[in-house]
Amino acid sequence: MNTEKQAPVHVVGGGLAGSEAAWQVARAGIRVVLHEMRPGHGTEAHVTDGLAELVCSNSFRSDDAENNAVGLLHEEMRRLGSLILAAGDRHRLPAGGALAVDRAGFSAEVGARLAAEPLVEIRRGEIVGLPPREWDSVIVATGPLTAPALAQALRELTGVESLAFFDAIAPIVHRDSIDLEVAWFQSRYDKSATGGDGADYINCPLDRALYEAFLAALLAGETAPFRDWERSTPYFEGCLPIEVMASRGPETLRYGPMKPVGLTDPRSGRRPHAVVQLRQDNALGTLYNMVGFQTKLKYGEQARVFRMIPGLENAEFARLGGLHRNTFLNSPQLLDDRLRLRADPRLRFAGQITGVEGYVESAAIGLLAGRFAAAERLGRPVVAPPPTTAHGALLGHITGGADARSFQPMNVNFGLFPPLSEPDGRRPKRKERKPALAARALADLEIWRRAAPLAAE
Ligand SMILES: Cc1cc2nc3c(=O)[nH]c(=O)nc-3n(C[C@H](O)[C@H](O)[C@H](O)COP(=O)(O)OP(=O)(O)OC[C@H]3O[C@@H](n4cnc5c(N)ncnc54)[C@H](O)[C@@H]3O)c2cc1C
């Protein structure tokens with residue numbers, strides 16, 4: 001194809017996701033224009049004009065591809081020719097099993113490699129409102145701090161409820177780490193809104209003494225501070241952190257998220273003093289979220305305090321809670337499985353705005369968006385990676401697996417992967433599960449990569 005005459009793909013936002021998306025498009029032999037509003041227009045968190053600026057920590061988290069889902073995502077990205085991982089590896093700093101990077105060197109490398117790529121044009125300037133109609137293929141990767149005019153236009157296009165300006169994340173627990181000898185399945189008054197069997201929730205009972213001890217621990221727990229510019233976050237409107245609710249009085253939680261009415265502990269045949277409810281969080285049924293437990297407690301504190309709850313003593317958390325300023329779409333409702341906006345398919349989304357959480361996850365979704373846009377431009381089938389890969393599991397979660405009614409940002413974790421099935425129906429032992437999931441992912445990724453290659457591969 002004559003690239004001179006070809007209309008470019010436009011990528012809006014030169015952060016982690018947009019830089020990766022632009023790279024993938026160009027590597028497929030397609031022209032791409034990368035629009036970045038800095039330095040003319042800044043965000044509350046960015047301090048440089050560099051592409052792929054890391055706004056806080058300099059860590060891409062665990063690099064263990066066998067036992068950690070984000071480490072596996074790193075490895076998959078390397079195998080798919082990721083710019084972000086290549087630059088990260090090049091500017092790696094000593095950090096034990098984690099991949100930490102020299103942030104200045106990393107950002108400079110991403111910028112230099114994109115600038116040196118003949119098919120990439122970097123344009124500095126804000127995209128104000130929706131991208132122009134004549135751009136027929138756009139990847140919007142404007143991140144958690146999307147500029148207000150574009151955010152407002154997206155809100156008008158998708159509906160007020162579909163674009164959030166802050167997150168309110170309750171912890172998510174791996175179902176197989178919940179002790180069902182103690183906890184039990186039941187909906188309040190055995191009712192089911194979804195036509196189910198009236199046993200939609202997992203319930204954890206607390207007696208009076210334990211409730212009081214739990215409350216004391218919650219109130220004493222150390223919280224993460226809000227940043228100055230986050231203080232006006234409108235979370236007070238409907239999503240109070242659990243520890244703020246608890247501070248309003250000893251009975252507030254018993255009349256709020258921990259109310260026991262309509263629930264009977266099958267072991268005692270009685271209504272408990274208080275109950276913590278968990279609701280299914282993904283279609284696979286492997287993850288459950290703690291209903292109403294959005295929190296600003298520090299991560300270590302959350303694990304310690306929430307493991308006091310009967311049934312959760314050995315809980316493994318797929319994601320801990322948080323509250324942040326964060327612009328993100330209700331992707332399960334709005335995006336198709338190729339990351340296109342159903343209401344306007346020329347717009348694809350990538351990065352944190354799709355409801356993934358973290359530098360690596362944002363870049364990984366950028367990688368997929370870039371490959372999808374390139375395949376579309378080349379007239380090739382746009383094939384999604386299998387759900388058994390880390391990329392496919394994350395994509396599947398945000399575009400369908402997650403419950404749209406309670407959708408909140410998600411990190412990659414093994415709970416998003418379809419469980420292993422052994423030929424004899426046996427599940428591998430706990431210790432062997434993660435390496436087996438990782439091996440399956442890398443094998444399936446290779447099959448997908450060969451079936452849906454970029455031109456450069
Ligand atoms: C304060 C803060 C701290 C965080 N800390 C961490 C952390 O420590 N570890 C971690 O893993 N994740 C962290 N995150 C979460 C997230 O992973 C990062 O924000 C990540 O950078 C998201 O990647 P992205 O590409 O989606 O967005 P970004 O990297 O933010 O990139 C978006 C880009 O779009 C540009 N842009 C926005 N609107 C427009 C427009 N209209 N026109 C043109 N350009 C535009 C912005 O200037 C920016 O460069 C943090 C988020 C925030 C807000």
# chains A, B, ... in the order shown; residues from 1 in each chain; ligands from 1
$ closest_atom_pairs --of "chain A" --to "ligand 1" --cutoff "7 Å" --atoms "only C-alpha atoms and all ligand atoms" --output "CSV"
residue,atom,partner,partner_atom_place_in_ligand_line,distance
A:Val12,CA,ligand 1,43 (C),5.3
A:Gly13,CA,ligand 1,34 (O),3.2
A:Gly14,CA,ligand 1,49 (O),4.7
A:Gly15,CA,ligand 1,31 (O),3.1
A:Leu16,CA,ligand 1,25 (O),3.7
A:Ala17,CA,ligand 1,25 (O),3.7
A:Gly18,CA,ligand 1,25 (O),5.5
A:His35,CA,ligand 1,43 (C),5.4
A:Glu36,CA,ligand 1,44 (N),4.0
A:Met37,CA,ligand 1,44 (N),4.0
A:Arg38,CA,ligand 1,47 (O),5.3
A:Gly42,CA,ligand 1,47 (O),6.0
A:Thr43,CA,ligand 1,47 (O),6.0
A:Ala45,CA,ligand 1,1 (C),5.2
A:Leu51,CA,ligand 1,49 (O),6.4
A:Ala52,CA,ligand 1,29 (O),5.7
A:Glu53,CA,ligand 1,29 (O),6.3
A:Leu54,CA,ligand 1,21 (O),5.9
A:Val55,CA,ligand 1,3 (C),5.4
A:Cys56,CA,ligand 1,8 (O),4.3
A:Ser57,CA,ligand 1,8 (O),3.8
A:Asn58,CA,ligand 1,8 (O),6.8
A:Ser59,CA,ligand 1,9 (N),6.7
A:Phe60,CA,ligand 1,11 (O),6.2
A:Gly125,CA,ligand 1,43 (C),6.0
A:Glu126,CA,ligand 1,42 (N),3.7
A:Ile127,CA,ligand 1,42 (N),4.0
A:Val128,CA,ligand 1,41 (N),5.5
A:Ala141,CA,ligand 1,26 (O),5.5
A:Thr142,CA,ligand 1,34 (O),3.5
A:Gly143,CA,ligand 1,27 (O),3.3
A:Pro144,CA,ligand 1,53 (C),5.5
A:Leu145,CA,ligand 1,30 (O),6.1
A:Thr146,CA,ligand 1,38 (N),3.9
A:Ala147,CA,ligand 1,38 (N),4.0
A:Ala149,CA,ligand 1,41 (N),6.9
A:Leu150,CA,ligand 1,41 (N),5.2
A:Arg325,CA,ligand 1,53 (C),6.5
A:Asn326,CA,ligand 1,53 (C),6.4
A:Ala350,CA,ligand 1,26 (O),6.6
A:Gly351,CA,ligand 1,26 (O),3.5
A:Gln352,CA,ligand 1,26 (O),3.8
A:Ile353,CA,ligand 1,26 (O),5.8
A:Glu357,CA,ligand 1,17 (O),5.3
A:Gly358,CA,ligand 1,17 (O),3.1
A:Tyr359,CA,ligand 1,17 (O),3.7
A:Val360,CA,ligand 1,11 (O),6.4
A:Ser362,CA,ligand 1,23 (O),4.9
A:Ala363,CA,ligand 1,25 (O),6.4
$ residues_around --residues "A:Glu212" --least-positions-apart "4" --cutoff "12 Å" --atoms "only C-alpha atoms" --output "ChimeraX atom specification"
/A:206-208,216-219,246,249-251,253-254,273-274,308-309
$ closest_residue --among "A:Ala441, A:Ala436, A:Ala456, A:Leu83" --to "A:Asn67" --atoms "only C-alpha atoms"
A:Ala436
$ closest_residue --among "A:Ala404, A:Val70, A:Val356, A:Ala375" --to "A:Gly29" --atoms "only C-alpha atoms"
A:Ala375
$ select_by_dssp --residues "stretch 84-226 of chain A" --states "helix (DSSP H, G or I)" --output "ChimeraX atom specification"
/A:84-90,103-115,148-158,160-162,175-177,188-190,208-220
$ residues_around --residues "stretch 172-181 of chain A" --least-positions-apart "5" --cutoff "6 Å" --atoms "only C-alpha atoms" --output "VMD selection string"
chain A and resid 286 to 289 311 to 312 315 to 319
$ write_last_selection --atoms "C-alpha atoms" --output "compact mmCIF listing (two decimals), in the first residue's frame"
# COMPACT_ATOMS: atom_id res chain seq x y z
CA THR A 286 -13.73 -16.40 40.09
CA LEU A 287 -13.78 -12.94 41.73
CA TYR A 288 -16.06 -11.37 44.35
CA ASN A 289 -16.12 -7.72 45.46
CA GLY A 311 -14.54 -16.35 56.20
CA LEU A 312 -11.89 -13.95 54.89
CA ALA A 315 -8.53 -14.05 51.64
CA GLU A 316 -6.35 -13.46 48.62
CA PHE A 317 -7.04 -10.05 47.17
CA ALA A 318 -7.12 -9.71 43.39
CA ARG A 319 -7.28 -5.95 43.92
$ closest_residue --among "A:Ala220, A:Ala164, A:Val11, A:Leu347" --to "A:Gln302" --atoms "only C-alpha atoms"
A:Ala220
$ closest_residue --among "A:Arg377, A:His391, A:Arg92, A:Lys296" --to "A:Ala438" --atoms "only C-alpha atoms"
A:His391
$ atom_distance --atom1 "atom CA of A:Arg90" --atom2 "atom CA of A:Pro118"
21.9 Å
$ select_by_dssp --residues "stretch 175-411 of chain A" --states "strand (DSSP E)" --output "ChimeraX atom specification"
/A:184-185,201-206,274-280,287-290,317-319,322-329,340-341,344-349
$ closest_residue --among "A:Ala21, A:Val32, A:Val9, A:Ala112" --to "A:Gly50" --atoms "only C-alpha atoms"
A:Ala112
$ atom_distance --atom1 "atom CA of A:Arg348" --atom2 "atom CA of A:Ile139"
4.6 Å
